[in-house]
Amino acid sequence: MKPATIAQSNALTNARYSFTLYQKRFLYYIIKEVRRLYIETDKGNRTLFDNLYLTLTPEQLKECGNPALVFKEAAELREKTIYIDRAGEEVAVGWINYVSRDKKSGNYEIEVSKQIMPELVELAEKFHTYELTVALSLKSVYSQRLYELCSQYKNYQDGHFYRGLDALHKILEVPESYKDFGLFKVRVLEPARKEIKALYDAGQCDLYFDFREKDKKGKKVLSVAFSVTTREREEMKSYSPEDAVFFVRTHIAPKFKRDKKFVERIVRFVQLNPNFGFTLVSKLSEKMQKYAHKEQPAIIRYVLAEDFGVK
């Protein structure tokens, strides 16, 4: 059976909000139901929206967590605000207007605000998909949010993207005490990376990510670079770090005969960041084909500094 997937607007992935683990799981089902009603069928007007009423059964909700806590978490979810940046406006809205539970059947009725419907329903290139089973199985809100973020970029530039540290703090809603990069790395990035990679290795997740420091000002980290690996990408390429090092020594080194230390910094980067080797070689090869021989050293330095932090 094909894994159930849900799609979420990049506006929601990048929105500023803070939910508990149970609330995120609850929302995944809401998103799935909205998509079933508006996207996977021909029913529903996709340009004009009213508030939407959904019914979720105990069977659907059992994966949200302890049944005794689900209603309490859903009730608290109603009080939470999500901030969405749209073209020309910023919207503050709750995910649901109310929730009620039938004590006899155990069914939940939820009213979804019309203000958030465009982000849930709009069929456009800005949408990405991710596996519902993965999202529900993750045990950390940070893992859920980083999984969503990586899903958004998994097909973008070979899965490589970067985010400013301040932007990451806002997206993940980390506490003030986590603003120090060392603690942010230990408490947020590394545990999420390990949890998602464990699922990937067990064949239960479609991707995993690695990360590294990108831009720095003195000792202060300003941005983080991410490398997203998917099974499809692993199957399509078998490019080892040794291959990347060979490329650097045979194609790049001759252009920097007077700066051997620069070449060694490139080699060292590839050895420490093997998942970035394929992209590094691809980008440099592309630039070398596009630019004249005398222009290539400057372009190579620029690409390595901007995209990989090698200076």
# chains A, B, ... in the order shown; residues from 1 in each chain; ligands from 1

call {"tool": "select_by_dssp", "arguments": {"residues": "region 73-297 of chain A", "states": "strand (DSSP E)", "output": "count of residues only"}}
result
50

call {"tool": "residues_around", "arguments": {"residues": "region 220-224 of chain A", "least_positions_apart": "3", "cutoff": "6 Å", "atoms": "only C-alpha atoms", "output": "number ranges by chain"}}
result
A: 162-165, 212-217

call {"tool": "write_last_selection", "arguments": {"atoms": "C-alpha atoms", "output": "short mmCIF file (atom, residue, chain, number, x, y, z; two decimals), in the first residue's frame"}}
result
data_model
loop_
_atom_site.label_atom_id
_atom_site.label_comp_id
_atom_site.auth_asym_id
_atom_site.auth_seq_id
_atom_site.Cartn_x
_atom_site.Cartn_y
_atom_site.Cartn_z
CA TYR A 162 20.45 27.03 3.84
CA ARG A 163 18.60 29.14 6.36
CA GLY A 164 19.65 32.05 8.50
CA LEU A 165 19.94 31.10 12.16
CA ARG A 212 26.77 22.29 8.89
CA GLU A 213 27.59 25.83 9.86
CA LYS A 214 27.56 28.12 6.83
CA ASP A 215 28.10 31.86 7.40
CA LYS A 216 29.87 33.14 10.48
CA LYS A 217 30.78 36.53 11.90
#

call {"tool": "atom_distance", "arguments": {"atom1": "CA of Val174 (chain A)", "atom2": "CA of Leu77 (chain A)"}}
result
18.2 Å

call {"tool": "select_by_dssp", "arguments": {"residues": "region 212-244 of chain A", "states": "helix (DSSP H, G or I)", "output": "PyMOL selection string"}}
result
chain A and resi 231-236+241-244

call {"tool": "residues_around", "arguments": {"residues": "region 95-103 of chain A", "least_positions_apart": "6", "cutoff": "6 Å", "atoms": "only C-alpha atoms", "output": "ChimeraX atom specification"}}
result
/A:78,109-113

call {"tool": "write_last_selection", "arguments": {"atoms": "N, CA and C atoms", "output": "PDB file, in the first residue's frame"}}
result
ATOM      1  N   ARG A  78      -7.069  25.331  19.987  1.00  0.00           N
ATOM      2  CA  ARG A  78      -7.999  26.379  19.551  1.00  0.00           C
ATOM      3  C   ARG A  78      -7.524  27.766  19.964  1.00  0.00           C
ATOM      4  N   GLU A 109     -15.775  16.625  16.235  1.00  0.00           N
ATOM      5  CA  GLU A 109     -16.164  17.574  15.188  1.00  0.00           C
ATOM      6  C   GLU A 109     -15.286  18.804  15.324  1.00  0.00           C
ATOM      7  N   ILE A 110     -14.705  19.234  14.199  1.00  0.00           N
ATOM      8  CA  ILE A 110     -13.792  20.364  14.200  1.00  0.00           C
ATOM      9  C   ILE A 110     -14.230  21.365  13.145  1.00  0.00           C
ATOM     10  N   GLU A 111     -14.180  22.631  13.499  1.00  0.00           N
ATOM     11  CA  GLU A 111     -14.421  23.681  12.518  1.00  0.00           C
ATOM     12  C   GLU A 111     -13.083  24.331  12.165  1.00  0.00           C
ATOM     13  N   VAL A 112     -12.733  24.270  10.868  1.00  0.00           N
ATOM     14  CA  VAL A 112     -11.495  24.855  10.374  1.00  0.00           C
ATOM     15  C   VAL A 112     -11.796  26.232   9.794  1.00  0.00           C
ATOM     16  N   SER A 113     -11.003  27.222  10.185  1.00  0.00           N
ATOM     17  CA  SER A 113     -11.234  28.594   9.754  1.00  0.00           C
ATOM     18  C   SER A 113     -11.039  28.769   8.252  1.00  0.00           C
TER      19      SER A 113
END

call {"tool": "closest_residue", "arguments": {"among": "A:Lys290, A:Leu138, A:Leu120, A:Ala92", "to": "Ala198 (chain A)", "atoms": "only C-alpha atoms"}}
result
A:Leu138

call {"tool": "closest_residue", "arguments": {"among": "A:Tyr291, A:Gln115, A:Gly277, A:Asp201", "to": "Asp243 (chain A)", "atoms": "only C-alpha atoms"}}
result
A:Gly277

call {"tool": "closest_residue", "arguments": {"among": "A:Lys311, A:Lys219, A:Glu173, A:Gln289", "to": "Val263 (chain A)", "atoms": "only C-alpha atoms"}}
result
A:Lys311
